[in-house]
$ cat structure.tsv   # TSV, C-alpha atoms
chain	number	residue	atom	x	y	z
A	1	MET	CA	15.60	-78.21	80.89
A	2	ASP	CA	12.76	-79.58	83.00
A	3	GLN	CA	10.73	-76.60	84.17
A	4	LYS	CA	10.03	-78.41	87.45
A	5	GLN	CA	13.67	-78.60	88.47
A	6	LYS	CA	14.91	-76.45	91.32
A	7	VAL	CA	18.27	-74.73	91.50
A	8	ALA	CA	19.80	-73.40	94.72
A	9	PHE	CA	22.63	-70.87	94.83
A	10	LEU	CA	24.79	-71.14	97.92
A	11	GLY	CA	26.24	-67.66	97.96
A	12	ALA	CA	24.79	-64.31	96.93
A	13	GLY	CA	27.75	-62.37	95.57
A	14	SER	CA	28.18	-60.60	92.26
A	15	MET	CA	28.82	-63.75	90.20
A	16	ALA	CA	25.77	-65.46	91.70
A	17	GLU	CA	23.70	-62.41	90.77
A	18	ALA	CA	25.09	-62.35	87.22
A	19	MET	CA	24.09	-65.99	86.75
A	20	ILE	CA	20.68	-65.50	88.38
A	21	SER	CA	19.98	-62.50	86.16
A	22	GLY	CA	20.87	-64.44	83.02
A	23	MET	CA	18.77	-67.46	84.00
A	24	VAL	CA	15.73	-65.36	84.89
A	25	ASN	CA	15.95	-63.38	81.66
A	26	ALA	CA	16.32	-66.57	79.59
A	27	LYS	CA	13.17	-68.00	81.22
A	28	LYS	CA	14.44	-71.58	81.16
A	29	LEU	CA	13.20	-72.01	84.71
A	30	PRO	CA	10.41	-70.25	86.59
A	31	ALA	CA	11.95	-67.59	88.79
A	32	GLU	CA	10.40	-69.19	91.87
A	33	ASN	CA	12.38	-72.36	91.13
A	34	ILE	CA	15.62	-70.45	91.65
A	35	ILE	CA	16.64	-70.21	95.29
A	36	VAL	CA	19.45	-68.11	96.70
A	37	THR	CA	20.86	-68.38	100.18
A	38	ASN	CA	23.70	-67.14	102.33
A	39	ARG	CA	24.60	-67.33	106.00
A	40	SER	CA	23.59	-63.98	107.42
A	41	ASN	CA	23.15	-61.12	104.96
A	42	ASP	CA	19.37	-60.76	104.97
A	43	VAL	CA	19.51	-57.39	103.24
A	44	ARG	CA	21.33	-58.90	100.27
A	45	LEU	CA	18.89	-61.82	100.06
A	46	HIS	CA	15.85	-59.53	100.08
A	47	GLU	CA	17.51	-57.36	97.44
A	48	LEU	CA	17.94	-60.32	95.08
A	49	GLU	CA	14.46	-61.64	95.83
A	50	ASN	CA	12.82	-58.32	95.02
A	51	ARG	CA	14.96	-57.67	91.96
A	52	TYR	CA	14.52	-61.03	90.22
A	53	GLY	CA	11.40	-62.60	91.74
A	54	ILE	CA	13.37	-65.60	93.01
A	55	THR	CA	13.10	-67.30	96.40
A	56	ALA	CA	15.57	-66.17	99.06
A	57	VAL	CA	16.12	-68.01	102.34
A	58	LYS	CA	18.69	-68.07	105.10
A	59	ARG	CA	21.21	-70.89	104.79
A	60	SER	CA	19.89	-72.53	107.97
A	61	GLU	CA	16.36	-72.59	106.52
A	62	LEU	CA	17.18	-74.12	103.13
A	63	LYS	CA	15.25	-77.35	102.48
A	64	THR	CA	17.51	-79.49	100.32
A	65	ASP	CA	15.36	-82.57	99.61
A	66	ASP	CA	13.72	-81.14	96.49
A	67	ILE	CA	16.76	-79.32	95.10
A	68	ASP	CA	18.05	-80.79	91.84
A	69	VAL	CA	21.11	-78.60	91.30
A	70	PHE	CA	23.24	-76.83	93.90
A	71	ILE	CA	25.44	-74.00	92.64
A	72	LEU	CA	28.32	-73.22	94.99
A	73	ALA	CA	29.00	-69.51	94.54
A	74	MET	CA	30.49	-68.46	97.86
A	75	LYS	CA	34.10	-67.32	98.34
A	76	PRO	CA	36.62	-70.17	98.00
A	77	LYS	CA	37.90	-69.72	101.55
A	78	GLY	CA	34.49	-70.79	102.82
A	79	ALA	CA	34.35	-73.90	100.65
A	80	GLU	CA	35.34	-76.53	103.20
A	81	GLU	CA	32.89	-75.35	105.83
A	82	ALA	CA	30.08	-75.10	103.27
A	83	LEU	CA	30.78	-78.56	101.83
A	84	ASN	CA	30.95	-80.19	105.26
A	85	GLU	CA	27.65	-78.55	106.14
A	86	LEU	CA	26.07	-79.60	102.86
A	87	LYS	CA	27.14	-83.26	102.99
A	88	PRO	CA	24.49	-84.58	105.42
A	89	GLN	CA	21.79	-82.62	103.60
A	90	ILE	CA	22.22	-84.02	100.09
A	91	ASN	CA	22.57	-87.35	98.31
A	92	LYS	CA	25.06	-88.38	95.65
A	93	ASP	CA	22.52	-88.10	92.83
A	94	GLN	CA	21.97	-84.39	93.36
A	95	LEU	CA	24.17	-82.33	91.04
A	96	VAL	CA	26.71	-79.90	92.46
A	97	LEU	CA	27.98	-77.12	90.18
A	98	SER	CA	30.95	-75.29	91.63
A	99	VAL	CA	31.92	-71.73	90.72
A	100	LEU	CA	34.66	-71.93	93.38
A	101	ALA	CA	37.86	-70.75	91.69
A	102	GLY	CA	40.84	-72.95	92.49
A	103	ILE	CA	38.93	-75.74	94.24
A	104	SER	CA	39.35	-79.04	92.39
A	105	SER	CA	36.50	-81.42	91.71
A	106	SER	CA	38.41	-84.25	93.43
A	107	TYR	CA	38.62	-82.20	96.64
A	108	MET	CA	34.88	-81.53	96.56
A	109	GLU	CA	34.18	-85.21	95.88
A	110	GLU	CA	36.24	-86.15	98.93
A	111	LEU	CA	34.30	-83.81	101.20
A	112	LEU	CA	30.90	-84.84	99.85
A	113	HIS	CA	29.59	-88.36	99.19
A	114	ASP	CA	31.38	-91.16	97.40
A	115	GLU	CA	30.55	-90.79	93.71
A	116	GLN	CA	29.02	-87.32	94.21
A	117	GLN	CA	28.20	-85.68	90.87
A	118	VAL	CA	30.37	-82.56	90.76
A	119	ILE	CA	31.00	-80.25	87.82
A	120	ARG	CA	33.31	-77.24	87.99
A	121	VAL	CA	31.94	-74.14	86.29
A	122	MET	CA	33.73	-70.99	85.18
A	123	PRO	CA	31.39	-68.25	83.87
A	124	ASN	CA	32.32	-64.61	83.43
A	125	THR	CA	30.51	-61.41	84.30
A	126	SER	CA	28.78	-61.22	80.92
A	127	SER	CA	26.40	-63.82	82.39
A	128	MET	CA	24.22	-60.87	83.40
A	129	ILE	CA	23.37	-60.12	79.76
A	130	GLN	CA	23.34	-63.80	78.68
A	131	GLN	CA	26.64	-63.46	76.81
A	132	SER	CA	29.02	-65.36	79.08
A	133	ALA	CA	31.80	-67.61	77.86
A	134	THR	CA	31.35	-70.43	80.38
A	135	ALA	CA	33.58	-73.47	80.83
A	136	ILE	CA	32.41	-76.65	82.51
A	137	SER	CA	34.67	-79.49	83.63
A	138	PRO	CA	32.92	-82.68	84.80
A	139	GLY	CA	34.27	-84.53	87.82
A	140	GLN	CA	34.95	-88.24	87.62
A	141	TYR	CA	31.46	-89.23	88.80
A	142	ALA	CA	29.41	-86.79	86.72
A	143	ALA	CA	27.06	-88.78	84.48
A	144	MET	CA	26.34	-87.71	80.92
A	145	ASP	CA	22.84	-86.65	81.97
A	146	ALA	CA	24.40	-84.36	84.57
A	147	VAL	CA	26.72	-82.82	81.98
A	148	LEU	CA	23.78	-82.24	79.64
A	149	THR	CA	21.78	-80.65	82.48
A	150	ALA	CA	24.68	-78.34	83.28
A	151	LYS	CA	25.12	-77.37	79.63
A	152	GLU	CA	21.43	-76.63	79.16
A	153	LEU	CA	21.15	-74.68	82.40
A	154	LEU	CA	24.27	-72.62	81.75
A	155	SER	CA	23.38	-72.02	78.09
A	156	ALA	CA	20.86	-69.58	79.56
A	157	ILE	CA	23.77	-67.25	80.35
A	158	GLY	CA	25.78	-67.64	77.14
A	159	LYS	CA	27.97	-70.15	75.29
A	160	VAL	CA	29.17	-73.24	77.14
A	161	TYR	CA	32.46	-75.05	76.54
A	162	VAL	CA	33.32	-78.47	77.98
A	163	ILE	CA	37.03	-78.63	78.85
A	164	ASP	CA	39.38	-80.77	80.90
A	165	GLU	CA	40.02	-79.54	84.43
A	166	PRO	CA	43.75	-78.68	83.87
A	167	GLN	CA	42.59	-76.23	81.19
A	168	MET	CA	40.59	-74.18	83.69
A	169	ASP	CA	43.56	-71.89	84.43
A	170	ILE	CA	44.14	-70.83	80.82
A	171	PHE	CA	40.38	-70.48	80.36
A	172	THR	CA	40.43	-68.11	83.34
A	173	GLY	CA	43.25	-66.15	81.70
A	174	ILE	CA	41.21	-65.74	78.51
A	175	ALA	CA	37.53	-65.61	79.49
A	176	GLY	CA	37.48	-65.03	83.23
A	177	SER	CA	39.78	-62.01	83.02
A	178	GLY	CA	38.98	-61.18	79.39
A	179	PRO	CA	36.22	-58.63	79.99
A	180	ALA	CA	38.68	-56.51	81.99
A	181	TYR	CA	41.13	-56.54	79.06
A	182	PHE	CA	38.40	-55.16	76.83
A	183	TYR	CA	37.42	-52.47	79.35
A	184	PHE	CA	41.08	-51.51	79.70
A	185	LEU	CA	41.32	-51.19	75.92
A	186	MET	CA	38.20	-49.03	75.84
A	187	GLU	CA	39.60	-46.74	78.55
A	188	HIS	CA	42.55	-45.95	76.27
A	189	ILE	CA	40.41	-45.60	73.16
A	190	GLU	CA	38.32	-43.01	75.02
A	191	LYS	CA	41.45	-41.23	76.17
A	192	ALA	CA	42.85	-41.05	72.62
A	193	ALA	CA	39.48	-39.88	71.29
A	194	LYS	CA	39.29	-37.11	73.87
A	195	GLU	CA	42.77	-35.90	72.99
A	196	GLU	CA	41.72	-35.78	69.32
A	197	GLY	CA	38.54	-33.83	70.09
A	198	LEU	CA	35.93	-36.62	69.94
A	199	ASP	CA	33.36	-36.94	72.70
A	200	PRO	CA	34.44	-39.86	74.96
A	201	GLU	CA	30.91	-41.27	75.24
A	202	LEU	CA	30.57	-41.31	71.46
A	203	ALA	CA	34.01	-42.90	71.19
A	204	ARG	CA	32.91	-45.54	73.68
A	205	GLU	CA	29.88	-46.45	71.59
A	206	ILE	CA	31.86	-46.46	68.35
A	207	GLY	CA	34.65	-48.55	69.85
A	208	ALA	CA	32.29	-51.08	71.44
A	209	GLN	CA	30.29	-51.48	68.21
A	210	THR	CA	33.49	-51.88	66.20
A	211	ILE	CA	34.86	-54.61	68.47
A	212	TYR	CA	31.47	-56.30	68.72
A	213	GLY	CA	31.18	-56.37	64.93
A	214	ALA	CA	34.72	-57.69	64.52
A	215	ALA	CA	34.07	-60.43	67.07
A	216	ARG	CA	30.84	-61.45	65.32
A	217	MET	CA	32.61	-61.58	61.98
A	218	MET	CA	35.33	-63.81	63.41
A	219	MET	CA	32.76	-66.18	64.92
A	220	GLU	CA	30.66	-66.37	61.76
A	221	ARG	CA	33.42	-66.74	59.16
A	222	ASP	CA	35.78	-69.62	58.59
A	223	GLU	CA	38.89	-67.45	58.74
A	224	THR	CA	41.65	-67.16	61.31
A	225	PRO	CA	42.32	-63.92	63.21
A	226	THR	CA	45.50	-63.53	61.18
A	227	GLU	CA	43.61	-63.85	57.89
A	228	LEU	CA	40.97	-61.37	59.00
A	229	ARG	CA	43.62	-58.89	60.14
A	230	GLU	CA	45.53	-59.18	56.87
A	231	ASN	CA	42.30	-58.71	54.87
A	232	VAL	CA	41.70	-55.29	56.41
A	233	THR	CA	45.30	-54.09	56.37
A	234	SER	CA	46.44	-52.23	53.26
A	235	PRO	CA	50.15	-51.48	52.82
A	236	ASN	CA	50.99	-47.99	54.12
A	237	GLY	CA	47.35	-47.41	55.07
A	238	THR	CA	45.76	-46.22	58.28
A	239	THR	CA	45.29	-49.72	59.72
A	240	ALA	CA	48.93	-50.56	59.01
A	241	ALA	CA	49.97	-47.37	60.83
A	242	GLY	CA	47.87	-48.31	63.83
A	243	LEU	CA	49.22	-51.87	63.90
A	244	ASP	CA	52.78	-50.58	63.59
A	245	ALA	CA	52.18	-48.40	66.64
A	246	LEU	CA	50.82	-51.38	68.56
A	247	ALA	CA	53.86	-53.45	67.65
A	248	LYS	CA	56.25	-50.61	68.53
A	249	HIS	CA	54.70	-50.28	71.99
A	250	GLY	CA	54.48	-54.00	72.64
A	251	GLY	CA	50.72	-54.34	72.21
A	252	GLY	CA	50.70	-57.96	71.07
A	253	GLU	CA	53.27	-59.10	73.60
A	254	ALA	CA	51.44	-57.22	76.34
A	255	MET	CA	48.20	-59.08	75.53
A	256	MET	CA	49.99	-62.44	75.55
A	257	GLN	CA	51.56	-61.66	78.89
A	258	ALA	CA	48.20	-60.53	80.29
A	259	VAL	CA	46.61	-63.90	79.43
A	260	LYS	CA	49.61	-65.85	80.69
A	261	GLY	CA	49.81	-63.74	83.84
A	262	ALA	CA	46.17	-64.31	84.71
A	263	SER	CA	46.54	-68.04	84.01
A	264	LYS	CA	49.68	-68.22	86.18
A	265	ARG	CA	47.93	-66.43	89.01
A	266	SER	CA	44.99	-68.83	88.72
A	267	LYS	CA	47.41	-71.77	89.14
A	268	GLU	CA	49.02	-70.08	92.16
A	269	MET	CA	45.67	-69.38	93.82
A	270	SER	CA	44.54	-72.95	93.20
A	271	ALA	CA	47.71	-74.33	94.79
A	272	GLN	CA	47.33	-72.03	97.80
A	273	LEU	CA	43.68	-72.90	98.33
A	274	GLN	CA	44.32	-76.62	97.99
A	275	LYS	CA	47.21	-76.39	100.46
A	276	VAL	CA	45.04	-74.60	103.02
A	277	ALA	CA	42.22	-77.08	102.45
A	278	SER	CA	44.47	-80.10	102.90
A	279	THR	CA	45.80	-78.84	106.25
A	280	ASN	CA	42.40	-78.15	107.80

$ encode --input "structure.tsv" --output "structure tokens"
Amino acid sequence: MDQKQKVAFLGAGSMAEAMISGMVNAKKLPAENIIVTNRSNDVRLHELENRYGITAVKRSELKTDDIDVFILAMKPKGAEEALNELKPQINKDQLVLSVLAGISSSYMEELLHDEQQVIRVMPNTSSMIQQSATAISPGQYAAMDAVLTAKELLSAIGKVYVIDEPQMDIFTGIAGSGPAYFYFLMEHIEKAAKEEGLDPELAREIGAQTIYGAARMMMERDETPTELRENVTSPNGTTAAGLDALAKHGGGEAMMQAVKGASKRSKEMSAQLQKVASTN
């Protein structure tokens, strides 16, 4: 990515910080070329400026002429107001990346300029350590150069996947909510370890390393999850006993329902937000 490009975050919440942290650590852009802004929380802006060496300004003081990429990272309920405010300050060639859950690219295109380059983005909280699974979905006017810019910029925070917009909900169910599934699993591994006399902190490290290693193996080998599971499961062995317990207590079905439930809720939230937006 061109080191001279400037990126402005509109919004200074936890996801914005996770992305900022990843980008600064990856050093794809000079920290001073990353700008963060919000409406009124000066304390938060100064906190981010001091922590990451980026530029922080009030929303009313943001100069937009030299910004190449705008990243919308405010709460979805503030999207319409923010987009209406942004419209007279930008041109259609400036790229807009939206982290606004549930807000369609077509809606953003309607509120901005005709043929505005908009790309929806869905990172997860692992952005902070440059290990995010991030989906991008280009709007109808996003040029290939814009898609490549988005991919290169967001590769600073992890792996990037280009998907169609209708797939954003299931992506949310897997990757957006996925870290919480893992943390939930680790809570119960620690609990079991404690009951069996193993220090919970040691169990946490062992469990995390085990899952990390298994994930790396799956990504680096040309084998399906089923094949990998069968390879490590001996008849009547310890792994078989553990898997039998998972099946008995609905472990697999519970995981499927977790992903489907998160995806369903994403669809519901999107419909609600779009309905509110269309009536304003």

$ residues_around --input "structure.tsv" --residues "Lys191 in chain A" --least-positions-apart "5" --cutoff "9 Å" --atoms "only C-alpha atoms" --output "PDB file with C-alpha atoms, in the coordinates of the input"
ATOM      1  CA  MET A 186      38.200 -49.030  75.840  1.00  0.00           C
ATOM      2  CA  GLU A 196      41.720 -35.780  69.320  1.00  0.00           C
ATOM      3  CA  PRO A 200      34.440 -39.860  74.960  1.00  0.00           C
TER       4      PRO A 200
END

$ atom_distance --input "structure.tsv" --atom1 "CA of Ile119 in chain A" --atom2 "CA of Ser266 in chain A"
18.1 Å

$ atom_distance --input "structure.tsv" --atom1 "CA of Gly251 in chain A" --atom2 "CA of Ala215 in chain A"
18.5 Å

$ residues_near_point --input "structure.tsv" --point "(34.9, -81.8, 82.4)" --cutoff "8 Å" --atoms "all atoms listed in the file" --output "number ranges by chain"
A: 119-120, 136-139, 162-165

$ closest_residue --input "structure.tsv" --among "A:Gly176, A:Pro30, A:Pro123, A:Pro88" --to "Ile157 in chain A" --atoms "only C-alpha atoms"
A:Pro123

$ closest_residue --input "structure.tsv" --among "A:Ser106, A:Gln131, A:Ser14, A:Thr125" --to "Ser155 in chain A" --atoms "all atoms listed in the file"
A:Gln131

$ residues_around --input "structure.tsv" --residues "Ile129 in chain A" --least-positions-apart "2" --cutoff "9 Å" --atoms "only C-alpha atoms" --output "list in words"
Ala18, Ser21, Gly22, Asn25, Thr125, Ser126, Ser127, Gln131, Ser132, Ile157 and Gly158 of chain A

$ residues_around --input "structure.tsv" --residues "Val57 in chain A" --least-positions-apart "6" --cutoff "9 Å" --atoms "all atoms listed in the file" --output "VMD selection string"
chain A and resid 35 to 38 42 45 to 46

$ atom_distance --input "structure.tsv" --atom1 "CA of Thr172 in chain A" --atom2 "CA of Arg44 in chain A"
27.1 Å

$ closest_residue --input "structure.tsv" --among "A:Asn33, A:Thr134, A:Thr239, A:Gln5" --to "Ala175 in chain A" --atoms "all atoms listed in the file"
A:Thr134

$ residues_around --input "structure.tsv" --residues "range 76-78 of chain A" --least-positions-apart "2" --cutoff "7 Å" --atoms "only C-alpha atoms" --output "list in words"
Met74, Glu80, Glu81, Ala82, Leu100 and Ala101 of chain A

$ closest_residue --input "structure.tsv" --among "A:Ser177, A:Asn236, A:Gln209, A:Gln140" --to "Gln117 in chain A" --atoms "all atoms listed in the file"
A:Gln140

$ closest_residue --input "structure.tsv" --among "A:Ala208, A:Met255, A:Leu154, A:Ala192" --to "Met122 in chain A" --atoms "only C-alpha atoms"
A:Leu154

$ residues_near_point --input "structure.tsv" --point "(20.1, -78.7, 79.0)" --cutoff "12 Å" --atoms "only C-alpha atoms" --output "VMD selection string"
chain A and resid 1 to 3 5 28 to 29 144 to 156 160

$ closest_residue --input "structure.tsv" --among "A:Tyr161, A:Arg39, A:Asn50, A:Val7" --to "Met19 in chain A" --atoms "all atoms listed in the file"
A:Val7

$ build_atoms --input "structure.tsv" --residues "range 49-63 of chain A" --atoms "N, CA, C and O atoms" --output "PDB file, keeping the file's coordinate frame"
ATOM      1  N   GLU A  49      15.820 -61.139  95.934  1.00  0.00           N
ATOM      2  CA  GLU A  49      14.460 -61.640  95.830  1.00  0.00           C
ATOM      3  C   GLU A  49      13.550 -60.619  95.162  1.00  0.00           C
ATOM      4  O   GLU A  49      12.769 -60.951  94.257  1.00  0.00           O
ATOM      5  N   ASN A  50      13.665 -59.381  95.577  1.00  0.00           N
ATOM      6  CA  ASN A  50      12.820 -58.320  95.020  1.00  0.00           C
ATOM      7  C   ASN A  50      13.208 -57.983  93.583  1.00  0.00           C
ATOM      8  O   ASN A  50      12.347 -57.672  92.749  1.00  0.00           O
ATOM      9  N   ARG A  51      14.483 -58.061  93.288  1.00  0.00           N
ATOM     10  CA  ARG A  51      14.960 -57.670  91.960  1.00  0.00           C
ATOM     11  C   ARG A  51      14.605 -58.696  90.892  1.00  0.00           C
ATOM     12  O   ARG A  51      14.270 -58.338  89.758  1.00  0.00           O
ATOM     13  N   TYR A  52      14.662 -59.989  91.245  1.00  0.00           N
ATOM     14  CA  TYR A  52      14.520 -61.030  90.220  1.00  0.00           C
ATOM     15  C   TYR A  52      13.303 -61.944  90.421  1.00  0.00           C
ATOM     16  O   TYR A  52      13.041 -62.810  89.587  1.00  0.00           O
ATOM     17  N   GLY A  53      12.574 -61.772  91.512  1.00  0.00           N
ATOM     18  CA  GLY A  53      11.400 -62.600  91.740  1.00  0.00           C
ATOM     19  C   GLY A  53      11.728 -64.031  92.127  1.00  0.00           C
ATOM     20  O   GLY A  53      10.881 -64.923  92.023  1.00  0.00           O
ATOM     21  N   ILE A  54      12.950 -64.265  92.591  1.00  0.00           N
ATOM     22  CA  ILE A  54      13.370 -65.600  93.010  1.00  0.00           C
ATOM     23  C   ILE A  54      13.038 -65.804  94.482  1.00  0.00           C
ATOM     24  O   ILE A  54      12.513 -64.913  95.146  1.00  0.00           O
ATOM     25  N   THR A  55      13.336 -66.992  94.992  1.00  0.00           N
ATOM     26  CA  THR A  55      13.100 -67.300  96.400  1.00  0.00           C
ATOM     27  C   THR A  55      14.401 -67.141  97.167  1.00  0.00           C
ATOM     28  O   THR A  55      15.424 -67.709  96.780  1.00  0.00           O
ATOM     29  N   ALA A  56      14.375 -66.382  98.242  1.00  0.00           N
ATOM     30  CA  ALA A  56      15.570 -66.170  99.060  1.00  0.00           C
ATOM     31  C   ALA A  56      15.307 -66.685 100.474  1.00  0.00           C
ATOM     32  O   ALA A  56      14.267 -66.389 101.065  1.00  0.00           O
ATOM     33  N   VAL A  57      16.250 -67.483 100.986  1.00  0.00           N
ATOM     34  CA  VAL A  57      16.120 -68.010 102.340  1.00  0.00           C
ATOM     35  C   VAL A  57      17.475 -67.975 103.034  1.00  0.00           C
ATOM     36  O   VAL A  57      18.525 -67.984 102.380  1.00  0.00           O
ATOM     37  N   LYS A  58      17.451 -67.946 104.354  1.00  0.00           N
ATOM     38  CA  LYS A  58      18.690 -68.070 105.100  1.00  0.00           C
ATOM     39  C   LYS A  58      19.251 -69.479 104.898  1.00  0.00           C
ATOM     40  O   LYS A  58      18.511 -70.434 104.693  1.00  0.00           O
ATOM     41  N   ARG A  59      20.564 -69.587 105.001  1.00  0.00           N
ATOM     42  CA  ARG A  59      21.210 -70.890 104.790  1.00  0.00           C
ATOM     43  C   ARG A  59      20.649 -71.945 105.735  1.00  0.00           C
ATOM     44  O   ARG A  59      20.437 -73.099 105.334  1.00  0.00           O
ATOM     45  N   SER A  60      20.384 -71.571 106.975  1.00  0.00           N
ATOM     46  CA  SER A  60      19.890 -72.530 107.970  1.00  0.00           C
ATOM     47  C   SER A  60      18.472 -73.000 107.682  1.00  0.00           C
ATOM     48  O   SER A  60      18.024 -74.011 108.215  1.00  0.00           O
ATOM     49  N   GLU A  61      17.759 -72.271 106.810  1.00  0.00           N
ATOM     50  CA  GLU A  61      16.360 -72.590 106.520  1.00  0.00           C
ATOM     51  C   GLU A  61      16.173 -73.270 105.165  1.00  0.00           C
ATOM     52  O   GLU A  61      15.048 -73.583 104.778  1.00  0.00           O
ATOM     53  N   LEU A  62      17.275 -73.523 104.459  1.00  0.00           N
ATOM     54  CA  LEU A  62      17.180 -74.120 103.130  1.00  0.00           C
ATOM     55  C   LEU A  62      16.772 -75.594 103.231  1.00  0.00           C
ATOM     56  O   LEU A  62      17.413 -76.385 103.913  1.00  0.00           O
ATOM     57  N   LYS A  63      15.696 -75.954 102.552  1.00  0.00           N
ATOM     58  CA  LYS A  63      15.250 -77.350 102.480  1.00  0.00           C
ATOM     59  C   LYS A  63      15.868 -77.958 101.228  1.00  0.00           C
ATOM     60  O   LYS A  63      15.581 -77.534 100.112  1.00  0.00           O
TER      61      LYS A  63
END
